[in-house]
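Visitor: Got a structure here, written out as structure tokens. Questions coming.
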Amino acid sequence: MEPRRRRMPFPARARALVSLLTLDEKIAQLSNTAAGVPRLGIPPFEWWSESLHGVCDNGPGINFSSGPVRSATTFPQVILSAAAFNRSLWRTVAQAIAVEARAMHNSGQAGLTFWAPNINVFRDPRWGRGQETPGEDPAVISAYSVEYVKGFQGDYGEEGRMMLSACCKHYIAYDLEKWKGFTRYTFDAKVNVQDMEDTYQPPFKSCIQEGRASCLMCSYNQVNGVPACARKDILQKARDEWGFQGYVTSDCDAVAIIHENQTYTVSDEDSVAVVLKAGMDINCGSFLIRHTKSAIEKGKIQEEDINHALFNLFSVQLRLGFFDQSNGNQWFTQLGPNNVCTREHRELAAEAVRQGAVLLKNDNSFLPLKRSEVGHIAIIGPGADDPYILGGDYTGVPCDSTTFVKGMQTYVSQTTFAAGCKDVPCNSTDGFGEAIEAAKRADIVVLIAGLNLTEETEDHDRVSLLLPGSQMDLVHAIAGVTKKPLVLVLLGGGPVDVSFAKHDPHIASILWIGYPGEVGGHVLPEILFGKYNPGGKLPITWYPESFTAVPMNDMNMRADESRGYPGRTYRFYTGDVVYGFGYGLSYSKYSYSFLQAPKKISLSHSSLPDLISRKPAYTRRDGLDYAQVEDIASCEALQFPVHISVSNDGTMDGSHAVLLFARSKPSFPGSPIKQLVGFERVHTVAGRSTDLGITVDPCKLMSSANTEGRRVLFLGTHVLMVGEEEHELLIEA
């Protein structure tokens, strides 16, 4: 019997493939729509598919119009799933999206490389794409990115084989669409090294280093005067320091704008040269196909620059089994139409909504409602019976959308609907009369207000944080005529200044439900009638309208009292809030106590020798002692467990997010007010307690950056906080 021939390793195969191509064939690979090479049996390849919160057809890689799969499960928008603070939920949702994506690929309706997740920091509440992100906290975004990528890509053994490829985007400091005279295509994000180190960079570092993402997308904007796709320092940092093994794509037409819009280069050929030499591998669009040969002829680049890019591209395709004929033994190659829009995926989508929904107000325990006491309910609001409002942006073709009206009808047979406003912008009060009459007749009124994609989306930022148009007037008008206080349900990704409703006794309860996806209408009555006990927490700060005076183009995170700048996000913002990061009520009342946590951590008396490297153990500056994290030889040895008792003091079982914060008593100017150092989702039976363990990584989560951009861990007293409870911890050299 002839011995089985050993297959060539992926890197060698990738280099061999590159060597077989002519120059023209190589250039034809540098677009998201890569040409095939018929003489070598290489088929065309579409790099651009989307899967943010379900398979969607924003890019050319997805086709719902022909083939056996005509829809896919629309999970909640990311900002709502993030509010669950549940890692296992995030990974399970990513796995389900991947199953549907791979099933569509196997049916010839999707690619293998998907450009999600969006892991930019939701820095400004007006950002139109903040809804796509896991919120404002770098630690939460980092954790989400790791779970999404691991769940979506899978890990199938040798040489990093994958089921699909996920992409960390948009690298880096991208969080402005269109504000006053600034647009995302020409905006120069001025970011200091301190904010870069502890705000903008950590999600990408985690996505690559821990998640092992196989794609990185560079963004449209400039960073400190240089286009992101031309920043060799930040692109190479991903490979050299974080171990990135994958391909770098531009955002769509992000290379063309370097010369045409940003005038950073003097010619198209110079643009080609600057991005390829920086480490970008593929251009979304046709720019490189049109201008790369000219760049070679003019001596701007060499063929070797293209070869580097193709090596990265072919390496990812090899890991995906794109060139393999014998890949049929992998379970995911057998997926098909029957694995899309399944009952299990719909139930998972519903569970994500249940866990993410945030109860913001519930005066006198008005909720949950009792079905026996509600014979007639009125659902009011322009989004109440609109299936298109449910998904938010990057939504595909849903399997079966349930509107809020349709969902409520399954709970209350006499359900009346009145829009009040003809659409979400609500520029007319013509429908108020009908809505008021409907409210007068009903036992209970649920008013659905908030945002949709006319207010916040890609290429469109908000101007105001108030409810759009006359929506606030509609709320006041309805609240004044109801038999009982009304329930206000808020849609949208960005925060809304609902200070008026927070203090209005005619509004008993406020529930934020984000963009809940196709099952939103199914889940809302479950929550309102107490089948499910809400326990989500806000992943973003809800600012007052006055925050809109803060320039959106100011990228500084830290407050600066000298110029009246209040800072951004709960870590640094010093102004008033409507609702704070991590806020969220429940139908139960929970209390916490620290069962076990260290009182002291000593850097020099660790169980591991040489915890501190040969450099000085700590530095003294401005009267403060601190250790530089890079000088700590084993951050792993510093990690410690915290055990917390969670008591459900109410009468209803419930699942909710437990958030553990820390603050340091010594601090530099610009140190975080507090930081999230751990979180877990926990289910607790009424009248009982549950013990919970959280492992804290001081180097990663209790440190912050100094003005030189170096991570430092303060020596001295730190305070751990959960709910109203505090525990002091001394870190010493």
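Please note that chains go A, B, ... in the order of the structure tokens, that every chain numbers its residues from 1, and that ligands are numbered from 1 in the order shown.
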List the spatial neighbours of segment 372-383 of chain A as number ranges by chain - criterion: any atom at most 9 Å away, only C-alpha atoms, same-chain residues fewer than 4 positions off excluded.
Guide: A: 387-390, 403-405, 408, 412-424, 426, 435, 438-439, 441-452, 471, 474, 478, 491
Visitor: Segment 392-609 of chain A: which residues are strand (DSSP E) by DSSP, as a PyMOL selection string?
Guide: chain A and resi 414-418+444-450+486-491+507-514+590-596+600-602
Visitor: Taking only C-alpha atoms into account, name the residue in A:Ala82, A:Val255, A:Val496, A:Ala28 that is nearest to Leu538 of chain A.
Guide: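 Counting only C-alpha atoms, the residue closest to Leu538 of chain A is A:Ala82.
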Visitor: So which residues touch segment 274-283 of chain A within 7 Å, counting only C-alpha atoms, skipping near sequence neighbours fewer than 5 positions away, as a VMD selection string?
Guide: chain A and resid 30 to 32 229 to 232 235 to 236 247 to 250 255 288 305 309
Visitor: Excluding same-chain residues fewer than 6 positions from Asp400 of chain A, what lies within 9 Å of it counting only C-alpha atoms, as a PyMOL selection string?
Guide: chain A and resi 71+73-74+341+518-519
Visitor: What does the structure give for the distance between atom CA of Leu348 of chain A and atom CA of Trp127 of chain A, in Å to one decimal?
Guide: 28.2 Å
Visitor: Write out as a list in words each polymer residue whose atoms come within 8 Å of segment 183-186 of chain A, counting only C-alpha atoms; drop sequence neighbours fewer than 2 positions from it.
Guide: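 The residues satisfying every condition are Tyr174, Leu176, Glu177, Lys178, Trp179, Gly181, Asp188, Tyr220, Asn221, Gln222, Ala254, Ile257, Asn261, Gln262 and Asp459 of chain A.
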Visitor: List the neighbours of Asp473 of chain A out to 12 Å using only C-alpha atoms; skip same-chain residues closer than 3 positions along the sequence, and give me the result as a count of residues only.
Guide: 23
Visitor: Write out as a Markdown table the residues of segment 215-287 of chain A that have any atom within 12 Å of an atom of segment 50-64 of chain A, one row each with the nearest atom pair and its distance in Å to one decimal, counting only C-alpha atoms, sorted by chain and then rising number.
Guide:
| residue | atom | partner | partner_atom | distance |
| --- | --- | --- | --- | --- |
| A:Asp251 | CA | A:Gly59 | CA | 11.7 |
| A:Cys252 | CA | A:Gly59 | CA | 10.1 |
| A:Cys284 | CA | A:Gly59 | CA | 10.2 |
| A:Gly285 | CA | A:Pro60 | CA | 11.2 |
Visitor: Any chance you can output those residues with all heavy atoms as a compact mmCIF listing (two decimals), in the first residue's frame?
Guide:
# COMPACT_ATOMS: atom_id res chain seq x y z
N ASP A 251 -12.28 49.64 4.62
CA ASP A 251 -13.70 49.88 4.50
C ASP A 251 -13.95 50.25 3.03
O ASP A 251 -13.01 50.52 2.28
CB ASP A 251 -14.16 50.99 5.44
CG ASP A 251 -15.62 50.85 5.84
OD1 ASP A 251 -16.38 50.23 5.08
OD2 ASP A 251 -16.01 51.37 6.91
N CYS A 252 -15.20 50.27 2.62
CA CYS A 252 -15.49 50.36 1.19
C CYS A 252 -15.15 51.73 0.61
O CYS A 252 -15.65 52.75 1.09
CB CYS A 252 -16.93 49.97 0.93
SG CYS A 252 -17.18 48.23 1.32
N CYS A 284 -11.94 47.12 -0.37
CA CYS A 284 -13.36 46.98 -0.70
C CYS A 284 -13.67 48.03 -1.76
O CYS A 284 -13.67 49.22 -1.47
CB CYS A 284 -14.23 47.18 0.54
SG CYS A 284 -16.00 47.08 0.18
N GLY A 285 -13.89 47.55 -2.98
CA GLY A 285 -14.06 48.45 -4.11
C GLY A 285 -13.09 48.05 -5.22
O GLY A 285 -12.36 47.06 -5.11
Visitor: For a test of reading the model, state the distance in Å between atom CA of Ser65 of chain A and atom CA of Gly108 of chain A, rounded to one decimal.
Guide: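 Taking atom CA of Ser65 of chain A and atom CA of Gly108 of chain A, their separation equals 11.8 Å.
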